[in-house]
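K.L.:
Handing over protein10.csv, CSV, C-alpha atoms.
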chain,number,residue,atom,x,y,z
A,1,MET,CA,24.7,-29.0,-67.6
A,2,LYS,CA,22.0,-29.6,-70.1
A,3,ARG,CA,21.3,-33.0,-68.5
A,4,LEU,CA,21.0,-31.4,-65.1
A,5,ALA,CA,18.6,-28.8,-66.4
A,6,LEU,CA,16.5,-31.6,-68.1
A,7,ALA,CA,16.5,-33.6,-64.9
A,8,ALA,CA,15.3,-30.5,-62.9
A,9,LEU,CA,12.6,-29.9,-65.5
A,10,MET,CA,11.5,-33.5,-65.3
A,11,PHE,CA,11.5,-33.3,-61.5
A,12,ALA,CA,9.4,-30.1,-61.6
A,13,ALA,CA,6.9,-31.8,-63.9
A,14,VAL,CA,6.2,-34.5,-61.3
A,15,LEU,CA,6.0,-32.1,-58.4
A,16,PRO,CA,2.4,-31.1,-57.4
A,17,ALA,CA,1.4,-27.5,-58.0
A,18,GLN,CA,0.8,-27.0,-54.3
A,19,GLN,CA,2.6,-23.9,-53.2
A,20,PHE,CA,3.7,-24.9,-49.7
A,21,LYS,CA,4.0,-28.0,-47.8
A,22,PHE,CA,1.3,-28.8,-45.2
A,23,ASN,CA,3.5,-31.2,-43.1
A,24,LEU,CA,0.6,-32.3,-41.0
A,25,ASP,CA,0.8,-36.1,-41.0
A,26,GLY,CA,1.4,-36.2,-37.3
A,27,VAL,CA,-1.7,-34.1,-36.7
A,28,GLY,CA,-3.9,-36.3,-38.8
A,29,ALA,CA,-3.1,-39.3,-36.6
A,30,LYS,CA,-4.7,-37.5,-33.6
A,31,ALA,CA,-7.8,-36.2,-35.4
A,32,SER,CA,-11.2,-37.8,-34.9
A,33,ASP,CA,-12.4,-36.6,-38.4
A,34,SER,CA,-10.5,-35.4,-41.3
A,35,VAL,CA,-10.7,-34.2,-44.9
A,36,ASP,CA,-7.7,-34.4,-47.3
A,37,LEU,CA,-8.4,-32.9,-50.7
A,38,SER,CA,-5.8,-32.7,-53.4
A,39,LEU,CA,-7.2,-31.4,-56.7
A,40,SER,CA,-4.8,-30.7,-59.5
A,41,GLY,CA,-5.5,-28.3,-62.4
A,42,PRO,CA,-6.5,-31.1,-64.9
A,43,MET,CA,-8.8,-32.6,-62.2
A,44,LEU,CA,-10.5,-29.3,-61.7
A,45,GLN,CA,-11.0,-28.8,-65.4
A,46,PHE,CA,-12.4,-32.4,-65.7
A,47,ALA,CA,-14.8,-31.7,-62.8
A,48,ALA,CA,-15.9,-28.4,-64.4
A,49,LYS,CA,-17.3,-30.4,-67.3
A,50,PHE,CA,-19.7,-32.1,-64.9
A,51,LEU,CA,-20.8,-28.9,-63.0
A,52,ASP,CA,-24.3,-27.9,-64.0
A,53,GLY,CA,-24.3,-24.3,-65.4
A,54,LYS,CA,-28.1,-24.1,-64.6
A,55,ASP,CA,-27.6,-24.7,-60.9
A,56,PRO,CA,-26.7,-21.3,-59.3
A,57,ASP,CA,-24.1,-22.7,-56.9
A,58,GLU,CA,-22.5,-25.0,-59.4
A,59,ALA,CA,-22.4,-22.2,-62.0
A,60,LYS,CA,-20.5,-20.0,-59.5
A,61,VAL,CA,-18.1,-22.8,-58.6
A,62,LYS,CA,-17.5,-23.5,-62.3
A,63,LYS,CA,-16.6,-19.8,-62.9
A,64,LEU,CA,-14.4,-19.7,-59.8
A,65,ILE,CA,-12.3,-22.7,-60.7
A,66,GLY,CA,-12.0,-21.7,-64.4
A,67,GLY,CA,-8.3,-20.6,-64.2
A,68,LEU,CA,-7.2,-22.5,-61.2
A,69,GLU,CA,-4.2,-24.8,-61.1
A,70,GLY,CA,-5.1,-26.6,-58.0
A,71,ILE,CA,-6.9,-26.7,-54.7
A,72,TYR,CA,-5.3,-28.4,-51.7
A,73,ILE,CA,-7.0,-28.8,-48.4
A,74,LYS,CA,-6.5,-30.5,-45.1
A,75,ARG,CA,-9.1,-30.2,-42.4
A,76,PHE,CA,-9.0,-31.9,-39.0
A,77,GLU,CA,-11.5,-32.1,-36.1
A,78,PHE,CA,-10.4,-33.3,-32.7
A,79,LYS,CA,-12.5,-34.7,-29.8
A,80,LYS,CA,-10.5,-32.6,-27.4
A,81,GLY,CA,-8.1,-29.7,-27.5
A,82,GLY,CA,-4.4,-30.2,-28.1
A,83,GLY,CA,-4.7,-32.1,-31.3
A,84,TYR,CA,-2.0,-29.9,-32.9
A,85,ALA,CA,0.8,-27.8,-31.5
A,86,ASP,CA,2.0,-24.3,-32.3
A,87,VAL,CA,5.1,-25.8,-33.9
A,88,ASP,CA,2.7,-27.4,-36.5
A,89,LEU,CA,1.3,-24.0,-37.4
A,90,GLU,CA,4.8,-22.4,-37.4
A,91,GLY,CA,5.9,-25.1,-39.9
A,92,ILE,CA,3.3,-23.7,-42.3
A,93,ARG,CA,3.7,-20.0,-41.4
A,94,SER,CA,7.4,-20.2,-42.0
A,95,GLN,CA,6.8,-21.0,-45.6
A,96,LEU,CA,4.3,-18.1,-46.1
A,97,LYS,CA,6.9,-15.4,-46.0
A,98,ALA,CA,7.8,-12.4,-48.2
A,99,PRO,CA,8.6,-11.9,-51.0
A,100,ALA,CA,6.4,-14.7,-52.4
A,101,TRP,CA,3.7,-14.4,-49.8
A,102,SER,CA,2.0,-11.6,-47.9
A,103,LYS,CA,-0.4,-11.7,-45.1
A,104,MET,CA,-3.7,-10.2,-46.0
A,105,VAL,CA,-5.7,-10.5,-42.8
A,106,GLY,CA,-5.5,-12.3,-39.5
A,107,TYR,CA,-7.4,-12.4,-36.3
A,108,LYS,CA,-7.0,-14.0,-33.0
A,109,SER,CA,-9.9,-14.5,-30.6
A,110,SER,CA,-9.0,-14.9,-26.9
A,111,THR,CA,-12.6,-15.9,-26.1
A,112,ASP,CA,-12.8,-19.0,-28.3
A,113,GLY,CA,-9.1,-19.5,-28.8
A,114,GLU,CA,-9.5,-19.2,-32.6
A,115,ASN,CA,-6.7,-18.0,-34.8
A,116,ALA,CA,-7.2,-17.4,-38.5
A,117,GLU,CA,-5.0,-16.0,-41.3
A,118,ILE,CA,-5.2,-15.4,-45.0
A,119,TYR,CA,-2.1,-15.1,-47.1
A,120,MET,CA,-1.8,-14.1,-50.7
A,121,ARG,CA,0.7,-14.9,-53.3
A,122,MET,CA,1.2,-12.3,-56.1
A,123,GLU,CA,2.9,-12.8,-59.4
A,124,ALA,CA,3.1,-10.0,-62.0
A,125,SER,CA,0.6,-8.0,-60.0
A,126,LYS,CA,-2.0,-10.8,-60.1
A,127,ILE,CA,-3.2,-13.2,-57.5
A,128,ALA,CA,-1.3,-16.4,-58.0
A,129,GLY,CA,-2.6,-18.2,-55.0
A,130,ILE,CA,-4.0,-17.9,-51.5
A,131,ALA,CA,-3.4,-19.8,-48.3
A,132,ILE,CA,-6.0,-20.0,-45.5
A,133,LEU,CA,-5.0,-21.1,-42.0
A,134,CYS,CA,-7.8,-21.5,-39.5
A,135,ALA,CA,-6.9,-22.9,-36.1
A,136,ALA,CA,-9.5,-23.5,-33.4
A,137,PRO,CA,-8.9,-25.6,-30.3
A,138,LYS,CA,-10.8,-28.5,-31.7
A,139,GLU,CA,-10.4,-27.8,-35.4
A,140,LEU,CA,-7.6,-27.1,-37.9
A,141,THR,CA,-8.0,-26.1,-41.6
A,142,VAL,CA,-5.3,-25.4,-44.1
A,143,VAL,CA,-6.2,-24.4,-47.6
A,144,ASN,CA,-4.0,-23.6,-50.6
A,145,ILE,CA,-5.8,-22.4,-53.7
A,146,VAL,CA,-3.3,-22.2,-56.6
A,147,GLY,CA,-4.1,-19.7,-59.4
A,148,PRO,CA,-6.1,-16.5,-59.8
A,149,ILE,CA,-9.2,-16.5,-57.7
A,150,ASP,CA,-11.9,-13.9,-56.8
A,151,LEU,CA,-11.8,-13.8,-53.0
A,152,ASP,CA,-15.1,-12.0,-52.6
A,153,SER,CA,-16.9,-14.6,-54.8
A,154,LEU,CA,-15.3,-17.3,-52.8
A,155,ALA,CA,-16.4,-15.8,-49.5
A,156,GLU,CA,-19.9,-15.2,-50.8
A,157,LEU,CA,-20.1,-18.8,-52.0
A,158,GLY,CA,-19.0,-20.0,-48.6
A,159,GLY,CA,-21.6,-17.9,-46.9
A,160,HIS,CA,-24.5,-19.9,-48.3
A,161,LEU,CA,-23.0,-23.2,-49.2
A,162,GLY,CA,-22.4,-24.0,-45.5
A,163,LEU,CA,-19.7,-26.1,-44.1
A,164,PRO,CA,-20.2,-29.8,-44.7
A,165,LYS,CA,-20.0,-32.3,-42.0
A,166,LEU,CA,-16.7,-34.1,-42.0
A,167,GLN,CA,-16.4,-37.7,-42.9
A,168,LYS,CA,-15.6,-40.1,-40.1
A,169,LYS,CA,-12.1,-41.5,-40.2
B,170,MET,CA,4.3,-107.1,-76.8
B,171,ASP,CA,3.3,-105.8,-73.4
B,172,TRP,CA,-0.2,-104.6,-72.5
B,173,LEU,CA,0.5,-100.9,-73.1
B,174,GLU,CA,1.6,-101.6,-76.7
B,175,GLN,CA,-1.4,-103.7,-77.2
B,176,GLU,CA,-3.7,-100.9,-75.9
B,177,LEU,CA,-2.1,-98.3,-78.1
B,178,LYS,CA,-2.3,-100.5,-81.1
B,179,GLU,CA,-6.0,-101.0,-80.5
B,180,ALA,CA,-6.7,-97.3,-79.9
B,181,LEU,CA,-4.8,-96.2,-83.0
B,182,ARG,CA,-6.2,-98.9,-85.3
B,183,LYS,CA,-7.4,-97.6,-88.7
B,184,GLN,CA,-11.1,-97.5,-88.9
B,185,GLU,CA,-13.2,-96.9,-91.9
B,186,PRO,CA,-16.0,-94.3,-91.6
B,187,SER,CA,-19.6,-95.5,-91.4
B,188,PRO,CA,-21.4,-95.6,-94.8
B,189,ASP,CA,-23.7,-92.7,-93.8
B,190,PHE,CA,-20.8,-90.4,-92.7
B,191,MET,CA,-21.1,-88.2,-95.8
B,192,LYS,CA,-24.8,-87.9,-95.3
B,193,ARG,CA,-24.6,-86.4,-91.8
B,194,PRO,CA,-25.4,-82.7,-91.6
B,195,ARG,CA,-22.4,-80.6,-91.3
B,196,ARG,CA,-22.2,-77.4,-89.3
B,197,ALA,CA,-22.6,-74.4,-91.5
B,198,PRO,CA,-19.6,-72.1,-91.4
B,199,VAL,CA,-20.2,-68.9,-89.4
B,200,ALA,CA,-21.1,-66.1,-91.7
B,201,PRO,CA,-18.5,-63.2,-91.7
B,202,VAL,CA,-21.4,-60.8,-91.1
B,203,ARG,CA,-22.2,-62.5,-87.8
B,204,ASN,CA,-18.5,-62.1,-86.8
B,205,TRP,CA,-18.7,-58.4,-87.6
B,206,LEU,CA,-21.9,-58.0,-85.6
B,207,ALA,CA,-20.3,-59.7,-82.6
B,208,ALA,CA,-17.2,-57.5,-82.8
B,209,ALA,CA,-19.4,-54.4,-83.2
B,210,ALA,CA,-21.5,-55.4,-80.2
B,211,ALA,CA,-18.3,-55.8,-78.1
B,212,VAL,CA,-17.1,-52.4,-79.2
B,213,VAL,CA,-20.4,-50.8,-78.3
B,214,LEU,CA,-20.4,-52.5,-74.9
B,215,ALA,CA,-16.8,-51.4,-74.2
B,216,VAL,CA,-17.5,-47.8,-75.3
B,217,GLY,CA,-20.7,-47.8,-73.2
B,218,ALA,CA,-18.9,-49.1,-70.1
B,219,GLY,CA,-16.0,-46.6,-70.6
B,220,GLY,CA,-18.6,-43.8,-70.9
B,221,ALA,CA,-20.3,-44.9,-67.7
B,222,TYR,CA,-17.0,-45.0,-65.8
B,223,ARG,CA,-16.1,-41.6,-67.1
B,224,GLU,CA,-19.4,-40.2,-65.9
B,225,TYR,CA,-18.9,-41.8,-62.5
B,226,GLU,CA,-15.4,-40.3,-62.2
B,227,GLY,CA,-16.7,-36.9,-63.3
B,228,GLN,CA,-19.4,-37.0,-60.6
B,229,VAL,CA,-16.8,-38.0,-58.0
B,230,ALA,CA,-14.5,-35.1,-59.1
B,231,LYS,CA,-17.4,-32.7,-59.0
B,232,GLN,CA,-18.3,-33.7,-55.5
B,233,LYS,CA,-14.7,-33.2,-54.4
B,234,VAL,CA,-14.6,-29.7,-56.0
B,235,MET,CA,-17.9,-28.7,-54.3
B,236,LEU,CA,-16.6,-29.9,-51.0
B,237,ALA,CA,-13.3,-28.1,-51.5
B,238,MET,CA,-15.1,-24.9,-52.4
B,239,ARG,CA,-17.4,-25.2,-49.4
B,240,ILE,CA,-14.5,-25.6,-47.0
B,241,ALA,CA,-12.5,-22.8,-48.5
B,242,GLY,CA,-15.5,-20.5,-48.9
B,243,SER,CA,-16.8,-21.1,-45.5
B,244,ASN,CA,-13.4,-20.4,-43.9
B,245,MET,CA,-13.1,-17.3,-46.0
B,246,ASN,CA,-16.5,-16.1,-45.1
B,247,HIS,CA,-15.9,-16.9,-41.4
B,248,ILE,CA,-12.7,-14.8,-41.3
B,249,GLN,CA,-14.4,-11.9,-43.2
B,250,ARG,CA,-17.3,-11.8,-40.7
B,251,HIS,CA,-14.9,-11.7,-37.8
B,252,ILE,CA,-12.9,-8.9,-39.4
B,253,LEU,CA,-16.1,-6.9,-40.1
B,254,GLU,CA,-17.3,-7.5,-36.5
B,255,ALA,CA,-14.0,-6.3,-35.1
B,256,GLN,CA,-14.2,-3.2,-37.3
B,257,GLN,CA,-17.7,-2.3,-36.1
When written as structure tokens, how does the structure in this file appear?

P.N.:
Amino acid sequence: MKRLALAALMFAAVLPAQQFKFNLDGVGAKASDSVDLSLSGPMLQFAAKFLDGKDPDEAKVKKLIGGLEGIYIKRFEFKKGGGYADVDLEGIRSQLKAPAWSKMVGYKSSTDGENAEIYMRMEASKIAGIAILCAAPKELTVVNIVGPIDLDSLAELGGHLGLPKLQKK
Amino acid sequence: MDWLEQELKEALRKQEPSPDFMKRPRRAPVAPVRNWLAAAAAVVLAVGAGGAYREYEGQVAKQKVMLAMRIAGSNMNHIQRHILEAQQ
């Protein structure tokens, strides 16, 4: 029994801190551009040492990532619609269920076909992670931020940092 | 005696040194200080290269974090704006 517990512990140690599986390998193959970021806690803390506290944006980012355990992002752009299927989104949504997760907000636009949702994971009455799912006809973004994060600061930061252009595949 | 034996015998024949052999200048032994200097220079170079690589890795990690925060923040902001627009 002790051996089993030790093996489980060792297995858990090698597992990434990501809180749900993206399962989007098939989608990536159809994308014209993509971003795949997998930043563990130690990587974030290492990067924080190189963020300039005198730069306003970098100072905010440094503060935001202070207690985080990981940031995992997949973002795809498609030349035409149909790059992903509803079943791909369902594969993610099915993992973001109560009691661990709760849906914070969601909207669906019939005019531009956009669908976006934010989920939150609470542990001991504190934010332990968030999941963002943004699906537009020619774009799909999935984000998992692990650890406590100030959502307003994150949104404010995103408001003026601007979305970068994706790297060509 | 075949030719090979003859060749070997010739090559291994005892030869007396030339009379001026002892007068020839001999290479001075390398001073231990110079050895230490070379070792210290190698260490300094290795540490410098390691530091430069660490700096490079740090800059790459920083760029990745900034990109991650831009993507996450932009999406968050985008969703918030839509929700606020819908409320108004």

K.L.:
Please build the interface table for chain B against chain A with a cut-off of 6 Å, listing for each qualifying residue the nearest atom pair and the distance in Å to one decimal; count only C-alpha atoms, order rows by chain and increasing number, and write it as a tab-separated table.

P.N.:
residue	atom	partner	partner_atom	distance
B:Gly227	CA	A:Ala47	CA	5.6
B:Ala230	CA	A:Ala47	CA	5.0
B:Lys231	CA	A:Ala47	CA	4.7
B:Arg239	CA	A:Gly158	CA	5.5
B:Ile240	CA	A:Leu163	CA	6.0
B:Gly242	CA	A:Gly158	CA	3.5
B:Ser243	CA	A:Gly158	CA	4.0
B:Met245	CA	A:Ala155	CA	5.0
B:Asn246	CA	A:Ala155	CA	4.4

K.L.:
Report the distance between atom CA of A:Pro137 and atom CA of B:Met235 in Å, rounded to one decimal place.

P.N.:
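Taking atom CA of A:Pro137 as the start and atom CA of B:Met235 as the end point, the length is 25.8 Å.
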
K.L.:
Set the distance at 9 Å and use only C-alpha atoms: which residues neighbour A:Gly83 once local chain neighbours fewer than 4 positions away are removed? I'd like the list as a list of chain:residue names.

P.N.:
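The contact residues come out as A:Val27, A:Gly28, A:Lys30, A:Ala31, A:Phe76, A:Glu77, A:Phe78, A:Lys79, A:Pro137, A:Lys138, A:Glu139, A:Leu140.
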
K.L.:
Hey, can you check how far atom CA of B:Trp172 sits from atom CA of B:Ser187?

P.N.:
28.6 Å
